[in-house]
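Structure data follow from model26.cif (mmCIF, C-alpha atoms and all ligand atoms):
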```cif
data_my_file
#
loop_
_atom_site.label_atom_id
_atom_site.label_comp_id
_atom_site.auth_asym_id
_atom_site.auth_seq_id
_atom_site.Cartn_x
_atom_site.Cartn_y
_atom_site.Cartn_z
CA MET A 1 -80.00 184.96 -162.67
CA LYS A 2 -82.65 186.64 -164.75
CA ARG A 3 -82.03 184.10 -167.52
CA LEU A 4 -82.35 181.23 -165.07
CA THR A 5 -85.64 182.61 -163.77
CA ILE A 6 -86.99 182.90 -167.31
CA PHE A 7 -85.79 179.36 -168.05
CA ILE A 8 -87.49 177.93 -164.94
CA ALA A 9 -90.65 179.88 -165.66
CA ALA A 10 -90.69 178.52 -169.23
CA ILE A 11 -90.36 174.96 -167.95
CA LEU A 12 -93.17 175.49 -165.45
CA VAL A 13 -95.43 176.77 -168.21
CA ALA A 14 -94.48 173.95 -170.61
CA LEU A 15 -94.74 171.10 -168.09
CA PRO A 16 -98.51 170.96 -167.60
CA ALA A 17 -99.04 171.09 -171.37
CA ALA A 18 -96.58 168.22 -171.91
CA ALA A 19 -98.11 166.22 -169.09
CA GLN A 20 -101.51 166.80 -170.59
CA ARG A 21 -100.28 165.61 -173.98
CA ARG A 22 -98.93 162.44 -172.45
CA THR A 23 -102.16 161.56 -170.64
CA ALA A 24 -104.69 162.77 -173.20
CA ASP A 25 -107.46 160.29 -173.95
CA LEU A 26 -107.86 159.16 -177.52
CA PRO A 27 -111.33 158.76 -179.05
CA LYS A 28 -112.78 155.40 -180.01
CA PHE A 29 -112.97 154.60 -183.72
CA GLU A 30 -116.11 156.08 -185.23
CA GLY A 31 -118.21 154.51 -187.96
CA LEU A 32 -117.52 150.86 -187.03
CA ALA A 33 -120.95 150.11 -185.58
CA ASP A 34 -123.43 152.62 -186.97
CA THR A 35 -125.76 149.62 -186.96
CA PRO A 36 -125.27 146.69 -184.53
CA GLN A 37 -122.35 144.45 -185.44
CA MET A 38 -123.03 141.04 -187.02
CA GLY A 39 -120.87 137.94 -187.04
CA TRP A 40 -120.03 134.63 -185.36
CA ASN A 41 -118.17 133.85 -182.12
CA SER A 42 -116.66 130.57 -180.97
CA TRP A 43 -117.67 130.60 -177.28
CA ASN A 44 -121.32 129.47 -177.09
CA CYS A 45 -120.69 126.25 -178.98
CA PHE A 46 -116.99 125.42 -178.66
CA MET A 47 -115.81 127.21 -175.50
CA THR A 48 -111.99 126.89 -175.45
CA GLU A 49 -111.95 123.93 -177.88
CA ILE A 50 -110.99 126.06 -180.85
CA ASN A 51 -108.30 125.74 -183.49
CA GLU A 52 -107.22 126.94 -186.90
CA ASP A 53 -109.05 124.24 -188.87
CA LEU A 54 -112.34 124.89 -187.08
CA ILE A 55 -112.13 128.66 -187.62
CA LYS A 56 -111.22 128.25 -191.30
CA ALA A 57 -114.06 125.75 -191.79
CA THR A 58 -116.40 128.25 -190.12
CA ALA A 59 -115.18 131.00 -192.45
CA ASP A 60 -115.85 128.73 -195.45
CA ALA A 61 -119.31 127.87 -194.11
CA MET A 62 -120.16 131.53 -193.54
CA VAL A 63 -119.52 132.26 -197.20
CA GLU A 64 -121.19 129.09 -198.53
CA LEU A 65 -124.31 129.44 -196.38
CA GLY A 66 -124.82 133.04 -197.52
CA LEU A 67 -124.15 134.42 -194.04
CA VAL A 68 -121.55 136.91 -195.21
CA ASP A 69 -123.97 138.16 -197.86
CA ALA A 70 -126.62 138.47 -195.14
CA GLY A 71 -124.27 140.79 -193.18
CA TYR A 72 -122.45 138.48 -190.75
CA ILE A 73 -118.98 139.79 -191.47
CA TYR A 74 -117.09 139.30 -188.19
CA LEU A 75 -115.57 135.94 -187.32
CA ASN A 76 -114.55 136.18 -183.69
CA LEU A 77 -112.24 134.02 -181.62
CA ASP A 78 -113.31 133.93 -178.00
CA ASP A 79 -111.36 132.67 -174.99
CA GLY A 80 -108.70 129.99 -175.40
CA TRP A 81 -106.65 131.08 -178.44
CA HIS A 82 -103.76 132.23 -176.24
CA GLY A 83 -100.28 130.88 -175.79
CA ASP A 84 -97.72 132.31 -173.37
CA ARG A 85 -96.32 135.83 -173.26
CA ASP A 86 -92.80 136.09 -174.68
CA GLU A 87 -89.83 137.38 -172.70
CA LEU A 88 -90.80 140.98 -173.53
CA GLY A 89 -94.39 140.45 -172.48
CA PHE A 90 -95.94 140.19 -175.95
CA ILE A 91 -98.81 137.71 -176.22
CA THR A 92 -98.53 134.71 -178.55
CA CYS A 93 -101.15 132.27 -179.75
CA ASP A 94 -101.36 128.60 -178.77
CA PRO A 95 -98.90 126.97 -181.21
CA VAL A 96 -100.79 123.67 -181.23
CA LYS A 97 -104.25 125.13 -181.82
CA PHE A 98 -103.04 127.82 -184.26
CA PRO A 99 -99.81 126.52 -185.83
CA SER A 100 -99.90 129.07 -188.68
CA GLY A 101 -100.40 131.99 -186.30
CA ILE A 102 -103.18 134.56 -186.02
CA LYS A 103 -101.85 136.80 -188.79
CA ALA A 104 -102.20 133.94 -191.29
CA LEU A 105 -105.71 133.27 -189.98
CA ALA A 106 -106.60 136.95 -190.40
CA ASP A 107 -105.28 136.86 -193.97
CA TYR A 108 -107.47 133.82 -194.68
CA VAL A 109 -110.55 135.40 -193.13
CA HIS A 110 -109.93 138.68 -194.98
CA SER A 111 -109.53 136.81 -198.27
CA LYS A 112 -113.08 135.53 -197.73
CA GLY A 113 -114.44 139.08 -197.39
CA MET A 114 -114.76 138.85 -193.61
CA LYS A 115 -113.12 140.44 -190.59
CA LEU A 116 -111.38 138.69 -187.70
CA GLY A 117 -112.15 139.30 -184.03
CA ILE A 118 -110.19 138.36 -180.94
CA TYR A 119 -110.83 138.15 -177.21
CA SER A 120 -109.01 139.41 -174.13
CA ASP A 121 -109.71 140.49 -170.59
CA ALA A 122 -109.05 143.63 -168.55
CA GLY A 123 -107.75 141.55 -165.63
CA ASP A 124 -104.70 139.39 -164.97
CA PHE A 125 -106.44 136.35 -166.46
CA THR A 126 -109.24 135.66 -168.88
CA CYS A 127 -112.34 133.89 -167.60
CA ALA A 128 -110.88 130.55 -168.76
CA GLY A 129 -107.55 131.29 -167.06
CA TYR A 130 -105.35 132.48 -169.95
CA SER A 131 -103.20 135.62 -169.81
CA GLY A 132 -105.26 138.81 -169.48
CA SER A 133 -104.24 142.22 -170.81
CA ARG A 134 -103.79 143.99 -167.46
CA GLY A 135 -100.42 145.74 -167.62
CA HIS A 136 -100.03 144.79 -171.29
CA GLU A 137 -102.78 146.91 -172.84
CA TYR A 138 -100.62 148.88 -175.30
CA GLN A 139 -98.54 145.80 -176.18
CA ASP A 140 -101.67 143.77 -176.87
CA ALA A 141 -103.30 146.49 -178.94
CA ILE A 142 -100.16 146.78 -181.08
CA THR A 143 -100.03 143.00 -181.46
CA TYR A 144 -103.68 142.77 -182.53
CA ALA A 145 -103.21 145.62 -185.02
CA SER A 146 -100.11 143.94 -186.48
CA TRP A 147 -102.01 140.68 -186.88
CA GLY A 148 -104.82 142.42 -188.78
CA ILE A 149 -107.47 142.08 -186.09
CA ASP A 150 -110.73 144.01 -186.61
CA TYR A 151 -112.72 143.40 -183.41
CA LEU A 152 -111.87 143.00 -179.72
CA LYS A 153 -114.18 141.48 -177.11
CA TYR A 154 -112.80 142.62 -173.75
CA ASP A 155 -113.90 140.66 -170.69
CA TRP A 156 -113.90 141.47 -166.97
CA CYS A 157 -112.62 138.38 -165.08
CA ALA A 158 -109.74 138.55 -162.54
CA THR A 159 -109.88 142.34 -162.40
CA GLN A 160 -109.83 142.45 -158.58
CA ASN A 161 -110.00 146.12 -157.56
CA ALA A 162 -109.48 147.61 -161.03
CA ASN A 163 -111.62 150.60 -161.92
CA PRO A 164 -114.02 149.51 -164.71
CA LYS A 165 -114.29 152.81 -166.54
CA GLY A 166 -110.55 153.41 -166.27
CA SER A 167 -109.73 149.89 -167.47
CA TYR A 168 -111.95 150.12 -170.54
CA ILE A 169 -110.74 153.64 -171.38
CA LEU A 170 -107.16 152.40 -171.08
CA MET A 171 -107.78 149.72 -173.72
CA ARG A 172 -109.74 152.13 -175.92
CA ASN A 173 -106.75 154.49 -175.83
CA ALA A 174 -104.36 151.63 -176.58
CA LEU A 175 -106.42 150.53 -179.58
CA ALA A 176 -106.59 154.11 -180.83
CA LYS A 177 -102.85 154.53 -180.43
CA ALA A 178 -102.19 151.27 -182.32
CA GLY A 179 -104.02 152.92 -185.20
CA ARG A 180 -105.96 150.03 -186.77
CA PRO A 181 -109.75 150.47 -186.60
CA ILE A 182 -110.87 147.75 -184.18
CA LEU A 183 -114.47 147.45 -182.99
CA PHE A 184 -114.40 147.47 -179.17
CA SER A 185 -116.95 145.11 -177.63
CA MET A 186 -117.06 145.55 -173.86
CA CYS A 187 -118.01 142.51 -171.78
CA GLU A 188 -118.39 143.28 -168.08
CA TRP A 189 -121.92 141.79 -167.90
CA GLY A 190 -123.56 145.07 -166.89
CA SER A 191 -122.00 144.87 -163.41
CA ASN A 192 -120.90 148.51 -163.42
CA LYS A 193 -123.74 150.02 -165.48
CA PRO A 194 -121.56 150.70 -168.56
CA TRP A 195 -124.60 152.14 -170.36
CA GLU A 196 -124.19 155.18 -168.10
CA TRP A 197 -120.56 155.90 -169.02
CA ALA A 198 -119.41 153.90 -172.05
CA ALA A 199 -121.05 155.56 -175.07
CA ASP A 200 -117.69 157.03 -176.07
CA VAL A 201 -115.63 154.10 -174.75
CA GLY A 202 -116.89 151.01 -176.59
CA HIS A 203 -119.12 150.16 -179.54
CA SER A 204 -121.26 147.84 -177.41
CA TRP A 205 -121.42 146.65 -173.83
CA ARG A 206 -122.85 143.46 -172.40
CA THR A 207 -125.89 144.10 -170.24
CA THR A 208 -126.25 140.65 -168.65
CA GLY A 209 -124.53 137.48 -167.50
CA ASP A 210 -123.90 134.62 -169.91
CA ILE A 211 -126.70 133.39 -172.13
CA GLY A 212 -127.61 129.73 -172.71
CA PRO A 213 -129.98 127.99 -175.13
CA ALA A 214 -132.91 128.18 -172.69
CA PHE A 215 -136.07 130.10 -173.50
CA LEU A 216 -137.67 130.26 -170.03
CA PRO A 217 -135.77 130.97 -166.78
CA VAL A 218 -133.79 127.96 -165.56
CA PRO A 219 -134.54 126.78 -161.98
CA ILE A 220 -131.70 127.06 -159.44
CA THR A 221 -129.92 123.81 -158.52
CA TYR A 222 -127.33 123.38 -155.74
CA ASN A 223 -124.04 121.52 -155.54
CA GLU A 224 -123.01 119.15 -152.74
CA GLN A 225 -121.69 122.06 -150.67
CA GLY A 226 -125.10 123.70 -150.93
CA ARG A 227 -123.90 126.43 -153.27
CA PRO A 228 -126.00 127.35 -156.32
CA ASN A 229 -124.72 125.82 -159.55
CA TRP A 230 -123.98 128.10 -162.50
CA ARG A 231 -127.02 128.35 -164.73
CA PRO A 232 -127.38 130.16 -168.01
CA GLN A 233 -129.41 133.32 -168.39
CA SER A 234 -132.51 132.43 -170.37
CA ILE A 235 -133.88 134.43 -173.29
CA ILE A 236 -136.69 135.77 -171.08
CA ASP A 237 -134.29 136.72 -168.23
CA ILE A 238 -132.11 138.64 -170.66
CA ILE A 239 -134.98 140.45 -172.34
CA ASN A 240 -136.19 141.64 -168.93
CA GLN A 241 -132.76 143.04 -168.06
CA ASN A 242 -132.03 144.58 -171.44
CA GLU A 243 -135.38 146.22 -172.19
CA PRO A 244 -135.23 149.02 -169.57
CA LEU A 245 -131.87 150.17 -170.99
CA ARG A 246 -133.19 151.12 -174.40
CA LYS A 247 -132.60 154.85 -174.05
CA TYR A 248 -128.84 154.29 -173.72
CA ALA A 249 -128.44 152.49 -177.08
CA GLY A 250 -127.88 154.17 -180.41
CA PRO A 251 -125.67 154.22 -183.51
CA GLY A 252 -122.10 153.38 -182.50
CA HIS A 253 -122.95 152.31 -178.92
CA TRP A 254 -125.28 149.36 -178.42
CA ASN A 255 -126.67 147.38 -175.51
CA ASP A 256 -125.39 143.82 -175.97
CA PRO A 257 -127.72 141.18 -174.51
CA ASP A 258 -125.09 138.51 -175.37
CA MET A 259 -124.54 136.28 -178.37
CA LEU A 260 -127.17 134.27 -180.20
CA GLU A 261 -128.08 130.72 -179.25
CA VAL A 262 -130.05 129.88 -182.41
CA GLY A 263 -129.19 126.31 -183.43
CA ASN A 264 -126.94 125.69 -180.41
CA ASN A 265 -127.10 123.20 -177.55
CA ILE A 266 -125.00 122.76 -174.39
CA THR A 267 -124.79 120.42 -171.41
CA VAL A 268 -123.94 122.08 -168.07
CA ASN A 269 -123.88 120.26 -164.71
CA GLY A 270 -125.51 117.31 -166.43
CA ILE A 271 -128.39 119.42 -167.76
CA TYR A 272 -128.96 119.51 -171.52
CA TYR A 273 -130.16 122.82 -172.98
CA GLU A 274 -131.57 123.29 -176.47
CA MET A 275 -134.33 125.46 -177.88
CA THR A 276 -137.08 124.52 -180.33
CA ASP A 277 -137.20 126.14 -183.77
CA SER A 278 -140.03 128.38 -182.51
CA GLU A 279 -137.98 129.46 -179.51
CA ASP A 280 -135.00 130.14 -181.76
CA ARG A 281 -137.24 132.29 -183.97
CA ALA A 282 -138.63 134.21 -180.99
CA HIS A 283 -135.10 134.73 -179.60
CA PHE A 284 -133.78 136.01 -182.95
CA THR A 285 -136.81 138.28 -183.40
CA MET A 286 -136.37 139.80 -179.96
CA TRP A 287 -132.66 140.45 -180.51
CA CYS A 288 -133.56 142.26 -183.76
CA MET A 289 -136.34 144.23 -182.01
CA MET A 290 -133.79 145.24 -179.35
CA ALA A 291 -131.20 146.38 -181.95
CA ALA A 292 -128.75 143.89 -180.47
CA PRO A 293 -125.44 142.86 -181.99
CA LEU A 294 -126.18 139.67 -183.95
CA ILE A 295 -123.30 137.35 -183.13
CA LEU A 296 -124.04 133.74 -184.02
CA GLY A 297 -122.93 131.04 -181.58
CA ASN A 298 -123.70 127.71 -183.24
CA ASP A 299 -121.71 125.09 -185.15
CA LEU A 300 -122.12 126.30 -188.72
CA THR A 301 -120.76 123.08 -190.17
CA LYS A 302 -123.84 121.26 -188.80
CA ILE A 303 -126.58 123.87 -189.11
CA THR A 304 -130.19 122.75 -189.75
CA PRO A 305 -132.26 124.30 -192.56
CA GLU A 306 -134.62 125.75 -189.91
CA ALA A 307 -131.85 127.52 -187.99
CA LEU A 308 -130.36 128.79 -191.24
CA ALA A 309 -133.74 130.16 -192.35
CA THR A 310 -134.06 131.99 -189.02
CA ILE A 311 -130.68 133.69 -189.03
CA THR A 312 -130.81 134.65 -192.71
CA ASN A 313 -134.30 136.17 -192.75
CA LYS A 314 -133.47 139.41 -194.57
CA GLU A 315 -136.58 141.27 -193.41
CA MET A 316 -135.84 140.48 -189.77
CA ILE A 317 -132.17 141.42 -190.10
CA ALA A 318 -133.21 144.72 -191.71
CA ILE A 319 -135.17 145.53 -188.54
CA ASP A 320 -132.08 144.99 -186.41
CA GLN A 321 -129.97 147.00 -188.85
CA ASP A 322 -132.44 149.82 -189.38
CA PRO A 323 -130.50 153.09 -189.79
CA LEU A 324 -132.60 154.97 -187.22
CA GLY A 325 -130.83 152.84 -184.61
CA VAL A 326 -133.50 152.84 -181.90
CA GLN A 327 -133.85 149.87 -179.54
CA GLY A 328 -137.43 148.59 -179.48
CA LEU A 329 -139.86 148.92 -176.59
CA ARG A 330 -142.21 146.53 -174.85
CA LEU A 331 -145.64 148.18 -174.90
CA ILE A 332 -147.56 145.41 -173.12
CA ASN A 333 -146.16 142.67 -170.89
CA GLU A 334 -148.95 140.31 -169.92
CA GLU A 335 -148.50 136.98 -168.21
CA THR A 336 -147.77 135.07 -171.41
CA LEU A 337 -147.94 137.71 -174.14
CA GLN A 338 -145.55 140.54 -174.90
CA TYR A 339 -146.29 143.27 -177.47
CA TRP A 340 -143.23 145.02 -178.88
CA PHE A 341 -142.68 147.98 -181.22
CA LYS A 342 -139.49 149.35 -182.78
CA PRO A 343 -139.48 152.70 -184.57
CA LEU A 344 -137.78 152.43 -187.96
CA ALA A 345 -136.51 155.03 -190.42
CA ASN A 346 -138.95 156.68 -192.87
CA GLY A 347 -141.92 156.55 -190.49
CA GLU A 348 -142.09 152.76 -190.43
CA TRP A 349 -142.45 150.48 -187.38
CA ALA A 350 -141.60 146.91 -186.58
CA PHE A 351 -144.20 145.19 -184.44
CA CYS A 352 -144.31 141.76 -182.86
CA VAL A 353 -146.16 139.69 -180.32
CA MET A 354 -144.32 136.97 -178.42
CA ASN A 355 -146.13 134.08 -176.73
CA THR A 356 -144.23 132.78 -173.69
CA GLY A 357 -147.14 130.51 -172.67
CA GLU A 358 -147.77 126.81 -173.22
CA GLU A 359 -150.87 127.24 -175.45
CA PRO A 360 -151.22 128.90 -178.85
CA ALA A 361 -152.68 132.40 -178.41
CA ASN A 362 -155.53 133.60 -180.62
CA ILE A 363 -155.55 137.37 -180.35
CA ALA A 364 -157.29 140.32 -181.93
CA LEU A 365 -154.91 143.18 -182.78
CA ASP A 366 -156.93 146.34 -182.21
CA TRP A 367 -154.59 149.12 -183.34
CA SER A 368 -156.51 151.77 -181.42
CA LYS A 369 -155.38 149.99 -178.24
CA LEU A 370 -151.77 149.61 -179.38
CA GLU A 371 -150.89 153.28 -179.70
CA VAL A 372 -147.20 154.01 -179.00
CA ASP A 373 -146.01 157.43 -177.87
CA ASP A 374 -142.21 157.22 -177.73
CA GLN A 375 -141.50 160.95 -177.34
CA GLU A 376 -138.85 160.37 -174.70
CA VAL A 377 -136.50 158.12 -176.69
CA SER A 378 -137.20 158.40 -180.43
CA GLY A 379 -139.67 161.29 -180.53
CA ARG A 380 -141.99 159.02 -182.54
CA LYS A 381 -145.68 158.21 -182.24
CA THR A 382 -147.61 155.51 -184.10
CA SER A 383 -150.77 157.70 -184.57
CA PHE A 384 -152.89 154.72 -185.61
CA ASP A 385 -155.93 157.02 -185.58
CA THR A 386 -154.65 159.10 -188.49
CA ILE A 387 -151.83 157.19 -190.20
CA ASN A 388 -152.80 154.11 -192.18
CA TYR A 389 -150.12 151.42 -192.23
CA THR A 390 -149.85 148.40 -194.48
CA SER A 391 -148.30 145.18 -193.15
CA LYS A 392 -145.62 142.76 -194.20
CA ASN A 393 -145.54 139.49 -192.22
CA ILE A 394 -141.86 138.86 -191.61
CA TRP A 395 -141.92 135.12 -190.86
CA ASN A 396 -144.78 134.40 -193.27
CA PRO A 397 -144.19 136.69 -196.26
CA LYS A 398 -146.96 134.99 -198.28
CA GLU A 399 -149.61 136.29 -195.87
CA LYS A 400 -151.89 138.84 -197.52
CA PRO A 401 -151.05 142.33 -196.16
CA PHE A 402 -153.65 144.12 -194.04
CA THR A 403 -154.02 147.83 -193.36
CA THR A 404 -154.43 149.29 -189.88
CA LEU A 405 -157.33 151.50 -191.06
CA VAL A 406 -160.21 150.22 -193.17
CA LYS A 407 -163.38 151.70 -194.69
CA GLY A 408 -166.19 151.74 -192.13
CA LYS A 409 -169.44 149.84 -192.51
CA GLY A 410 -173.01 150.71 -191.47
CA LYS A 411 -173.14 154.03 -189.59
CA GLN A 412 -169.40 154.52 -190.10
CA ARG A 413 -169.69 154.20 -193.86
CA GLY A 414 -167.55 156.80 -195.60
CA GLN A 415 -165.08 157.01 -192.70
CA MET A 416 -161.77 155.24 -192.15
CA VAL A 417 -161.92 153.18 -188.95
CA THR A 418 -159.42 151.08 -187.00
CA ASN A 419 -158.93 147.60 -188.36
CA VAL A 420 -158.93 144.67 -185.97
CA VAL A 421 -156.75 141.80 -187.14
CA ASN A 422 -156.97 138.25 -185.79
CA VAL A 423 -153.70 136.39 -185.44
CA THR A 424 -152.50 133.18 -183.79
CA VAL A 425 -149.17 133.21 -181.99
CA PRO A 426 -147.86 129.65 -181.60
CA VAL A 427 -146.32 128.38 -178.34
CA HIS A 428 -142.97 130.07 -177.49
CA ASP A 429 -143.04 131.86 -180.83
CA VAL A 430 -143.76 135.25 -182.38
CA VAL A 431 -145.73 136.96 -185.09
CA ALA A 432 -143.79 139.89 -186.49
CA TYR A 433 -144.71 142.64 -188.95
CA ARG A 434 -143.17 145.62 -190.68
CA LEU A 435 -145.74 148.43 -190.77
CA THR A 436 -145.31 150.96 -193.57
CA PRO A 437 -147.40 154.16 -193.88
CA VAL A 438 -149.70 153.99 -196.91
CA LYS A 439 -148.87 156.88 -199.23
C1 LIG B 1 -117.24 135.31 -169.95
C2 LIG B 1 -118.03 135.96 -171.07
C3 LIG B 1 -118.39 134.91 -172.10
C4 LIG B 1 -117.14 134.23 -172.63
C5 LIG B 1 -116.33 133.65 -171.48
C6 LIG B 1 -114.97 133.14 -171.92
O1 LIG B 1 -118.03 134.43 -169.22
O2 LIG B 1 -119.17 136.59 -170.57
O3 LIG B 1 -119.13 135.47 -173.17
O4 LIG B 1 -116.37 135.17 -173.33
O5 LIG B 1 -116.11 134.61 -170.46
O6 LIG B 1 -114.24 132.58 -170.88
#
```
What would the structure in this file look like if it were written as structure tokens?
Ligand code: GLA
Amino acid sequence: MKRLTIFIAAILVALPAAAQRRTADLPKFEGLADTPQMGWNSWNCFMTEINEDLIKATADAMVELGLVDAGYIYLNLDDGWHGDRDELGFITCDPVKFPSGIKALADYVHSKGMKLGIYSDAGDFTCAGYSGSRGHEYQDAITYASWGIDYLKYDWCATQNANPKGSYILMRNALAKAGRPILFSMCEWGSNKPWEWAADVGHSWRTTGDIGPAFLPVPITYNEQGRPNWRPQSIIDIINQNEPLRKYAGPGHWNDPDMLEVGNNITVNGIYYEMTDSEDRAHFTMWCMMAAPLILGNDLTKITPEALATITNKEMIAIDQDPLGVQGLRLINEETLQYWFKPLANGEWAFCVMNTGEEPANIALDWSKLEVDDQEVSGRKTSFDTINYTSKNIWNPKEKPFTTLVKGKGKQRGQMVTNVVNVTVPVHDVVAYRLTPVK
């Protein structure tokens, strides 16, 4: 009897520990997104019309165009790669679109020095109606790992009453258990404020609905039943939603204002959307100022020299990828002019002015009126009154640098005084500078 009591007592002690072991959460992979991820994704341009030849041609183009050298290392399949689940519930790829299989595609992409991304959904179905991962999370994670996948975009369609945090943690645990480092890109459009709970769940989280190649907000149109038609989120809409969330972003966990539309065009409900080269430049600049993931969304086999110049501007990319990892702030938001700053490592700042108006803007940059005190988020201050910065014009590198302090004239002779710099910001465009303290 005594033995039995001891035995039962031992089981009672051991049980909670075992149960705890079984349910313990596993951490996300660290070090995969110390700076925002960069790559290409098939959705914005091709939607579900993807296949092996297209993805291989895109991989080739990414190398040939210098995009891999510029840092765009992920090549990501979005929705529509899926075939059926097999009799055991394992996912397969569409045998017509991907006859060689995803593992062969991953090998090809890896041989080019890139990484391969894939897409799934926390619900029963993906947004385009293919099989979702709900109930198959561990199976899918093992499958992706065995294929050599490096990145997972995880969507939020057909989730019904699923708990968002629980669903994303479940997939994070499954990826961790599968053991292959896979960047986890959460895509629930900001519906459940992931910035408040996902820093240790994913490497980035979408903050908005789906982007389109539209600079200014798109007017609402209605269908025959009187319901509003789907319309893309414009660049300006997205900036307004993403900017207030800056304090939540940082190395390893970024706000994701959706993929890039530089060089892309779409037709939705009979409406054609395309941005000008200036708008593309402003869009790219703002994504870099906001430390956003830089995921290209255009047809790289047909890229224009202008779009290529925008997405490969090394100085601009360096602002996005700055190791300090602070999302930029909007200091002034006037009717048609926005003034932005982003604290960079080593005491530097990125600065830009965006013109959302229909006329070129001639403005005088008076640094004494552009003082930034970012104690709350980065603990940084521009101190234009005491620190002298020298400029580098990011989109016009031949421009002669200016300094923010200059030698005074007249009564102020012998003192350093604030410089006032005249610039013109073209329509729907930006001027952007890197400001470096003068030693
Ligand atoms: C959602 C996402 C998009 C894209 C599609 C695919 O709308 O937000 O980025 O992945 O699904 O169906």
Which centre and which edge lengths, in Å to one decimal, describe the axis-aligned box that holds all listed atoms of stretch 198-205 of chain A after 3 Å is added on each side, as lines of an AutoDock Vina configuration file?
```
center_x = -118.5
center_y = 151.8
center_z = -175.8
size_x = 11.8
size_y = 16.4
size_z = 13.5
```
Give me, as a PDB file with C-alpha atoms, in the frame of the given file, the set of residues whose atoms come within 6 Å of any atom of ligand LIG 1 (chain B), counting all atoms listed in the file.
```pdb
ATOM      1  CA  TRP A  43    -117.670 130.600-177.280  1.00  0.00           C
ATOM      2  CA  ASP A  78    -113.310 133.930-178.000  1.00  0.00           C
ATOM      3  CA  ASP A  79    -111.360 132.670-174.990  1.00  0.00           C
ATOM      4  CA  CYS A 127    -112.340 133.890-167.600  1.00  0.00           C
ATOM      5  CA  ALA A 128    -110.880 130.550-168.760  1.00  0.00           C
ATOM      6  CA  ASP A 210    -123.900 134.620-169.910  1.00  0.00           C
TER       7      ASP A 210
END
```
Residue with smallest distance to A:Arg281 - pool A:Asp86, A:Asp429, A:Asp320, A:Asp60, counting all atoms listed in the file: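 Between A:Asp86, A:Asp429, A:Asp320, A:Asp60, the residue approaching A:Arg281 most closely is A:Asp429.
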Using all atoms listed in the file, what table do you get, as JSON lines, when you list each residue of stretch 20-135 of chain A with an atom no more than 10 Å from stretch 156-175 of chain A, its nearest pair of atoms, and their distance in Å rounded to one decimal, rows by chain then rising number?
```
{"residue": "A:Thr23", "atom": "CA", "partner": "A:Asn173", "partner_atom": "CA", "distance": 9.9}
{"residue": "A:Ala24", "atom": "CA", "partner": "A:Asn173", "partner_atom": "CA", "distance": 8.9}
{"residue": "A:Asp25", "atom": "CA", "partner": "A:Asn173", "partner_atom": "CA", "distance": 6.1}
{"residue": "A:Leu26", "atom": "CA", "partner": "A:Asn173", "partner_atom": "CA", "distance": 5.1}
{"residue": "A:Pro27", "atom": "CA", "partner": "A:Asn173", "partner_atom": "CA", "distance": 7.0}
{"residue": "A:Lys28", "atom": "CA", "partner": "A:Arg172", "partner_atom": "CA", "distance": 6.1}
{"residue": "A:Phe29", "atom": "CA", "partner": "A:Leu175", "partner_atom": "CA", "distance": 8.8}
{"residue": "A:Ser120", "atom": "CA", "partner": "A:Trp156", "partner_atom": "CA", "distance": 8.9}
{"residue": "A:Asp121", "atom": "CA", "partner": "A:Trp156", "partner_atom": "CA", "distance": 5.6}
{"residue": "A:Ala122", "atom": "CA", "partner": "A:Trp156", "partner_atom": "CA", "distance": 5.5}
{"residue": "A:Gly123", "atom": "CA", "partner": "A:Thr159", "partner_atom": "CA", "distance": 3.9}
{"residue": "A:Asp124", "atom": "CA", "partner": "A:Ala158", "partner_atom": "CA", "distance": 5.7}
{"residue": "A:Phe125", "atom": "CA", "partner": "A:Ala158", "partner_atom": "CA", "distance": 5.6}
{"residue": "A:Thr126", "atom": "CA", "partner": "A:Cys157", "partner_atom": "CA", "distance": 5.8}
{"residue": "A:Cys127", "atom": "CA", "partner": "A:Cys157", "partner_atom": "CA", "distance": 5.2}
{"residue": "A:Ala128", "atom": "CA", "partner": "A:Cys157", "partner_atom": "CA", "distance": 8.8}
{"residue": "A:Gly129", "atom": "CA", "partner": "A:Ala158", "partner_atom": "CA", "distance": 8.8}
{"residue": "A:Gly132", "atom": "CA", "partner": "A:Ala158", "partner_atom": "CA", "distance": 8.3}
{"residue": "A:Ser133", "atom": "CA", "partner": "A:Met171", "partner_atom": "CA", "distance": 8.8}
{"residue": "A:Arg134", "atom": "CA", "partner": "A:Thr159", "partner_atom": "CA", "distance": 8.1}
```
Could you take the residues named above and write them with C-alpha atoms, as a JSON list (two decimals), in the frame of the given file?
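again_7.json, written as the output of this step:
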```json
[["chain", "number", "residue", "atom", "x", "y", "z"],
["A", 23, "THR", "CA", -102.16, 161.56, -170.64],
["A", 24, "ALA", "CA", -104.69, 162.77, -173.20],
["A", 25, "ASP", "CA", -107.46, 160.29, -173.95],
["A", 26, "LEU", "CA", -107.86, 159.16, -177.52],
["A", 27, "PRO", "CA", -111.33, 158.76, -179.05],
["A", 28, "LYS", "CA", -112.78, 155.40, -180.01],
["A", 29, "PHE", "CA", -112.97, 154.60, -183.72],
["A", 120, "SER", "CA", -109.01, 139.41, -174.13],
["A", 121, "ASP", "CA", -109.71, 140.49, -170.59],
["A", 122, "ALA", "CA", -109.05, 143.63, -168.55],
["A", 123, "GLY", "CA", -107.75, 141.55, -165.63],
["A", 124, "ASP", "CA", -104.70, 139.39, -164.97],
["A", 125, "PHE", "CA", -106.44, 136.35, -166.46],
["A", 126, "THR", "CA", -109.24, 135.66, -168.88],
["A", 127, "CYS", "CA", -112.34, 133.89, -167.60],
["A", 128, "ALA", "CA", -110.88, 130.55, -168.76],
["A", 129, "GLY", "CA", -107.55, 131.29, -167.06],
["A", 132, "GLY", "CA", -105.26, 138.81, -169.48],
["A", 133, "SER", "CA", -104.24, 142.22, -170.81],
["A", 134, "ARG", "CA", -103.79, 143.99, -167.46]]
```
